[in-house]
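Okay, structure first, notes after.
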Amino acid sequence: MAIFRARRVLWRSFSTISSHPLRVCIVGSGPAGFYTAEKILKTHQGSQVDIIDRLPTPYGLVRSGVAPDHPETKNVINQFSRVAQNGRCSFFGNVALGSSISLVELQELYHVVVLAYGAESDRVVGIPGEDLKGVHSAREFVWWYNGHPDGRNLDPDLKNTDTAVILGQGNVALDVARILLRPTSELAITDIASHALTALEQSSIRKVYLVGRRGPVQAACTAKELREVLGIKDLYIHIKETDLKITPADEEEMKNSRIHRRIYELLSKAATAGPSQPSSGQRELHFVFFRQPDRFLESYDKKGYVSGVHLEKTGLKGIGSGKQIAIGTGQFENLSCGIVLKSIGYKSVPVDDLPFDNQKGVVPNVKGRVLSDNSGDPTSFENGLYVCGWLKRGPTGIIATNLYCAEETVASLSEDLELGVLASTTRLPKLGRDGLLQILDNRNVRVVPFSAWEKIDKEEKRLGSLRNKPREKLTSREELLKVAGSE
Amino acid sequence: MLTSRLSRVGFRIVNELSRGGYRCMSRTRFRQGHCGQCQRSPVELLSETRAFFQGAIFQKHHYFSTLGSNNTSGGGDEQKETISVTFVSKDGEEIPIRVPIGTSMLEAAHQNDIELEGACEGSLACSTCHVIVMDMEHYNKLEEPSDEENDMLDLAFGLTETSRLGCQIIARPELDGIRLAIPAATRNFAVDGYVAKPH
């Protein structure tokens with residue numbers, strides 16, 4: 001009894017004395033996964049953390065989401081590399097939850113499983129014509145220009161039209177607009193995927209519309225990205241001055257939010273600065289406010305292809321707590337275009353044996369502890385199962401948001417360990433890494449450890465140096481696995 | 001194993017004291033952090049060794065210069081002028097350090113093993129090195145933040161009237177004695193005003 005008590009007291013700092021080292025598996029190697037790994041390694045000495053990812057390459061959206069012309073945002077990869085290189089941490093790429101290994105199997109191999117696999121699907125608009133050719137999700141378009149293996153066959157047609165419509169005005173929408181409008185000479189020296197650079201060099205798109213269903217005060221983008229897109233060389237910016245009229249409710253919103261105040265100021269300045277008409281041949285960016293899509297229009301000559309968006313004018317209605325939503329007014333207009341990019345939000349994908357809230361698109365949880373079901377019973381938790389990142393909070397925030405998210409999840413885990421909530425599992429040894437690799441080997445899964453990613457990294461940088469780019473991404477699984485397996 | 005750990009800790013404390021103790025205060029974190037030290041990567045240990053070494057040099061010059069006139073006039077090329085900066089960690093712990101003129105607060109924090117995140121490594125592409133200047137007098141002595149810094153401050157968690165990015169505060173003589181608080185993570189940490197459901 002005295003020994004047990006002494007063990008509890010020493011648990012946190014001297015956990016190597018406890019019977020079995022804590023074995024943790026984190027599913028997903030983006031910011032949520034890596035910040036969680038870092039925190040666990042630091043807080044629990046003797047713990048062993050394995051990070052798996054379905055791609056051969058790590059880093060999640062830092063590699064496949066952050067725009068090619070934002071290299072500084074990717075500096076955090078250096079910090080994540082150091083975590084992966086920690087002796088108690090291992091990265092295993094090309095291991096997919098579901099097909100390579102099941103959740104139940106992971107829970108047998110590890111004391112703790114943390115799901116941090118993000119959101120790889122999209123919110124749908126839910127209107128007629130959504131499956132017309134030329135209507136794409138912005139997520140897929142971003143995967144395409146960032147060289148994600150699942151995005152390389154998107155093959156968007158940028159040559160049939162001079163106009164693109166983007167639904168949404170968040171940072172992803174701005175990224176997409178910027179990539180479509182930026183002089184390709186500037187893109188040529190970034191790590192943009194080559195197939196995308198070629199397509200953009202041949203693109204006939206000269207006009208981009210960013211369509212939001214609410215006003216400039218509610219725009220979801222942030223200042224750095226807005227400032228950047230407004231500053232593109234030789235770009236005509238159009239914002240209707242009447243859209244800039246603000247109501248007392250708008251003023252209240254701005255009073256409470258520094259971000260929205262500064263965004264509104266930037267948009268106001270942009271509306272009045274600059275010429276009132278574009279010069280001939282000049283590229284154009286139009287901010288369209290108070291319009292929501294009613295249906296996508298089909299082309300007469302090209303059946304099955306999109307030719308425009310039928311938009312409904314909206315007004316704002318307060319719904320309490322300072323929030324305003326868009327309400328249709330029954331007035332409509334058409335906006336012609338040859339390509340539509342929907343940038344209205346990502347959505348997580350459920351897996352077998354995992355409780356999932358389909359409405360919110362997240363795993364039901366309390367501070368990162370996975371709840372057994374959706375019933376809302378806040379006391380029934382899945383033992384040893386935690387969640388972090390977009391899968392936990394929904395697809396919002398920035399890279400740094402995951403830092404705090406990981407802190408919260410790891411605090412819950414630490415508390416559970418300290419209070420003996422996980423005692424039934426932690427009192428037994430777990431096979432962890434060795435068990436996982438054995439099963440994967442039996443199934444002929446080609447695991448890509450961190451050292452193999454380093455080979456891919458080196459090769460991409462080498463190929464990049466031949467073209468004055470920081471790296472030339474390998475965009476097919478075959479190429480990636482070939483280099484990973486090379487000497 | 002327990003006794004060997006304690007003896008290792010004891011050895012380090014004795015080591016610190018023998019250096020004249022100027023870094024003793026920064027080592028008050030030993031009670032919490034000493035195990036973390038055991039697990040650090042070679043790169044981190046190297047930078048800490050470098051910081052110790054720099055400290056030892058400073059110690060030596062400080063001793064000599066007290067014989068003559070004040071610090072600012074003395075010293076060869078090796079002794080860079082420094083100012084005193086106190087970091088206050090998330091747990092309220094005070095960590096006084098000396099920062100060479102021209103060094104940013106983020107670099108200084110990392111050189112002294114202070115837990116200040118720097119995801120974008122000082123390139124104004126994140127807000128993780130957010131610090132709160134603890135008195136108005138020093139805050140007013142800082143140059144106005146650029147648009148770029150303000151854009152990043154928009155996204156900082158727990159933003160206050162005297163918040164700045166640590167990578168943009170560069171040590172100058174006028175800032176001697178500045179105190180910087182590292183903000184604690186807040187519950188409501190989403191960028192878009194999402195409010196956590198009460199439970």
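Residues are named by chain letter and number: chains run A, B, ... in the order of the structure tokens, numbers start at 1 in each chain, and ligands are numbered from 1 in the order shown.
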* Who sits within 9 Å of Ile189 of chain A, only C-alpha atoms, same chain under 5 positions skipped, as a PyMOL selection string -> chain A and resi 69+467-470
Identify, on the basis of only C-alpha atoms, every residue whose closest approach to Leu210 of chain A does not exceed 10 Å; exclude the query and any residue fewer than 6 positions from it along the same chain; express the result as an mmCIF file with C-alpha atoms, in the first residue's frame.
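For reference, result_18.cif as written:
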data_model
loop_
_atom_site.group_PDB
_atom_site.id
_atom_site.type_symbol
_atom_site.label_atom_id
_atom_site.label_comp_id
_atom_site.auth_asym_id
_atom_site.auth_seq_id
_atom_site.Cartn_x
_atom_site.Cartn_y
_atom_site.Cartn_z
ATOM 1 C CA ALA A 164 -13.496 32.539 -61.726
ATOM 2 C CA VAL A 165 -15.995 32.788 -58.869
ATOM 3 C CA ILE A 166 -14.879 31.909 -55.356
ATOM 4 C CA LEU A 167 -17.606 31.328 -52.770
ATOM 5 C CA GLY A 168 -16.347 32.446 -49.364
ATOM 6 C CA GLN A 169 -14.069 35.211 -48.143
ATOM 7 C CA GLY A 170 -11.835 33.456 -45.607
ATOM 8 C CA ALA A 173 -10.535 31.898 -50.502
ATOM 9 C CA LEU A 174 -7.936 34.675 -50.544
ATOM 10 C CA VAL A 176 -6.918 30.689 -54.069
ATOM 11 C CA ALA A 177 -7.643 34.144 -55.520
ATOM 12 C CA LEU A 285 -10.335 41.179 -58.211
ATOM 13 C CA HIS A 286 -13.937 41.898 -57.176
ATOM 14 C CA PHE A 287 -15.221 41.653 -53.621
ATOM 15 C CA VAL A 288 -18.928 40.839 -53.787
ATOM 16 C CA PHE A 289 -20.856 41.188 -50.546
ATOM 17 C CA LEU A 341 -14.270 27.302 -56.224
ATOM 18 C CA SER A 343 -14.364 27.867 -50.016
#
* Which residue of A:Ala220, A:Ile439, A:Val76, A:Leu422 approaches Glu121 of chain B most closely, using only C-alpha atoms ->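 Checking each of A:Ala220, A:Ile439, A:Val76, A:Leu422 against Glu121 of chain B, counting only C-alpha atoms, the winner is A:Val76.
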* Could you list, as a PyMOL selection string, every residue of chain A that has an atom within 9 Å of an atom of chain B, counting only C-alpha atoms? -> chain A and resi 13-14+17+41-43+45+70+72-79+82+85-87+220+222-224+257-259+262+366+378+393+396-401+403-405+407-408
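Omitting Ser203 of chain A and its sequence neighbours fewer than 2 positions away, and counting only C-alpha atoms, the residues within 8 Å are Leu158, Lys159, Ala199, Leu200, Glu201 and Ile205 of chain A.
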Can you write just those residues out, N, CA and C atoms, as a compact mmCIF listing (two decimals), in the first residue's frame?
# COMPACT_ATOMS: atom_id res chain seq x y z
N LEU A 158 -8.47 25.88 -66.67
CA LEU A 158 -8.27 27.32 -66.48
C LEU A 158 -8.20 28.03 -67.83
N LYS A 159 -8.51 27.29 -68.91
CA LYS A 159 -8.33 27.87 -70.24
C LYS A 159 -9.65 28.17 -70.95
N ALA A 199 -0.19 24.89 -65.64
CA ALA A 199 -1.59 25.23 -65.91
C ALA A 199 -1.85 26.71 -65.70
N LEU A 200 -1.24 27.28 -64.66
CA LEU A 200 -1.46 28.70 -64.38
C LEU A 200 -0.79 29.58 -65.44
N GLU A 201 0.33 29.12 -65.96
CA GLU A 201 1.00 29.90 -67.01
C GLU A 201 0.16 29.95 -68.27
N ILE A 205 -7.65 33.02 -67.09
CA ILE A 205 -8.44 33.70 -66.05
C ILE A 205 -7.85 35.07 -65.75
* **Per-residue DSSP, segment 105-301 of chain A, filtered to helix (DSSP H, G or I), as a PyMOL selection string** => chain A and resi 105-109+138-145+171-181+184-187+194-201+216-218+223-230+241-244+248-255+258-272
* To do: Write out as a VMD selection string each polymer residue whose atoms come within 10 Å of Lys473 of chain A, counting only C-alpha atoms; drop sequence neighbours fewer than 6 positions from it.
  => chain A and resid 63 146 to 149 191 to 194 456 to 457 459 to 461 463 to 464 480
* **d(atom CA of Ser185 of chain A, atom CA of Pro156 of chain A) in Å** =>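 Separation of atom CA of Ser185 of chain A and atom CA of Pro156 of chain A: 20.2 Å.
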* To do: Quick one: everything within 10 Å of Cys89 of chain A, counting only C-alpha atoms, minus sequence neighbours fewer than 3 positions away in the same chain. Send it as a PyMOL selection string.
  => chain A and resi 24-25+37-38+41+47-51+82-86+433+450
